[in-house]
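Enquirer: So that we are looking at the same thing, I have put the structure below in structure tokens.
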Amino acid sequence: MILLLKQHKLRKQFESLRPQLYRIAWSWCHNADLAEDLVQETYLRALEKAAQLKEVEKLKPWLMRIMSNLHTDCLRRRQEFVDLQDLELEAESAEPCEHTEQQNAIHRVRCAVAKLNEDQRQVLTLVDIGGFTYAEVAEALELPIGTVMSRLCRARKRLKGLLQKQVQERPKLRRVK
Amino acid sequence: MNRNQHWDLSSETLNALVDNEYPAAEKAELMQMLLDDEAASAELCRLQRVKEMVKTAYEQPPVPQPKQGRETSSKRNRVVAAVSMLLVGVMAFFLPGLFNQPATERFVLLDPDGRGAHPAVAEDQEVRIVFHVASTTRARGEDLLGEIQALLEDYRSRGEKLRVEVVANGEGLDLLREKLSTQKQKLSELAQQYPNLTFVACLNTVKRLRVEQGVIVKLVPEAETTASGVAYVVKRQQEGWIYIQV
């Protein structure tokens, strides 16, 4: 009975966290269908393991741990995720005038994030997109806080470098008299 | 985040500042130090900008495409409800005796979409739980029905909507068999008290028992039927019901 009510409460809380989980999942795999499957699978797994969640305050990192493990298993097992490097190819094939400057900027950031290694991307997206504290990230990914901080530092440093390089490589607009 | 009093404006410190990891007092001290360190201030701004860019870039990710062949839940529910009511209406017209049969012989067939005489149309805020009973002992039957009753009472007392289905297949079908069930009295009481509770028996199991063991299964009058218990619970899960295997 307690488990039933726990599962019911979990379901309600999960629904409120779903958009955030989806954004994070999408930032990991850059494929909407796969991200949706990952979130749904996380939900089902969380319901199965509802009895393991002892403190409701730990729900977010607990769900993220489940999603992270599922994501890792998927990468290891099926290798079905979009090769994130292909994002750059997609951008090159589009006509620049088809997108607004803002859309282009968003695309550049996403391409840069895609170029981070998996460890750095996970930490960065959990903090910047998910709003996780370092302690929550450490709990979710089962890492020491120090490791979380160093990965985040390296991620942002690399990201800065990649975005700077993109700006330098863009063709400069020239004013036509 | 706790630090000793000797601060340094390292890369990790600056990142932690950007992420609001420091309590107010420590943050104030660090901000004071930044006033005297132009390079660190500039780096802090750059890190803040990177964080904002990442956040903005993922604020509106693309949504997944709807799967082919599957209508939206609310539309599907309305269609199913309409079909159910039509089916019941037709049956009542052409078979007036159907609903007047003695209780011990009444079978109510669910329509192909499994909604039956009482369409389980999802209402707003309604919690829907499907219990899957695939094996059972006498003790389990008592525990299960007791827990379900407690759950129904709990929701009723709080005025919250709940719909429960108990789907039995395999050995679990014993719960709903006229000759073998030890919970017939309880099933009858619960079915009368809670119109939001449905018992569903798997016809595949009924058929298998007839073919393999020559047993003609008679179900309790409270049981509705579905072609395949497993397919039924899978469909419920896809529809978003909470699934609990007993």
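Chain lettering (A, B, ...) mirrors the order of the structure tokens, residue numbering begins at 1 for each chain separately, and ligand numbering begins at 1 in order of display.
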Taking only region 51-165 of chain A into account, list the residues labelled helix (DSSP H, G or I) by DSSP (computed from the backbone), as a PyMOL selection string.

Expert: chain A and resi 51-52+56-77+86-93+96-98+101-114+118-128+134-141+145-165

Enquirer: Give the residues of chain A that lie within 9 Å of chain B; count only C-alpha atoms, and format the answer as a ChimeraX atom specification.

Expert: /A:1,4-5,7-8,11,22-24,26-27,30-36,47-48,103,105-110,113,124-125,127-131,133-134,149-150,152-153,156-157,159-160,163

Enquirer: Arg121 (chain A): which residues within 8 Å, counting only C-alpha atoms, same-chain residues fewer than 6 positions away excluded, as a list in words?

Expert: Trp28, Val113, Ala114 and Ala155 of chain A

Enquirer: Using only C-alpha atoms, determine which residues lie at most 10 Å from Val233 (chain B), disregarding the query and same-chain residues fewer than 4 positions distant; provide the list as an NGL selection string.

Expert: :B and (130-132 or 165-168 or 228-229 or 237-239 or 241-245)

Enquirer: For a quick check of understanding, using only C-alpha atoms, which of B:Val230, B:Glu171, B:Glu153, B:Gln213 has the smallest distance to Gln193 (chain B)?

Expert: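 Using only C-alpha atoms, Gln193 (chain B) sits closest to B:Glu153.
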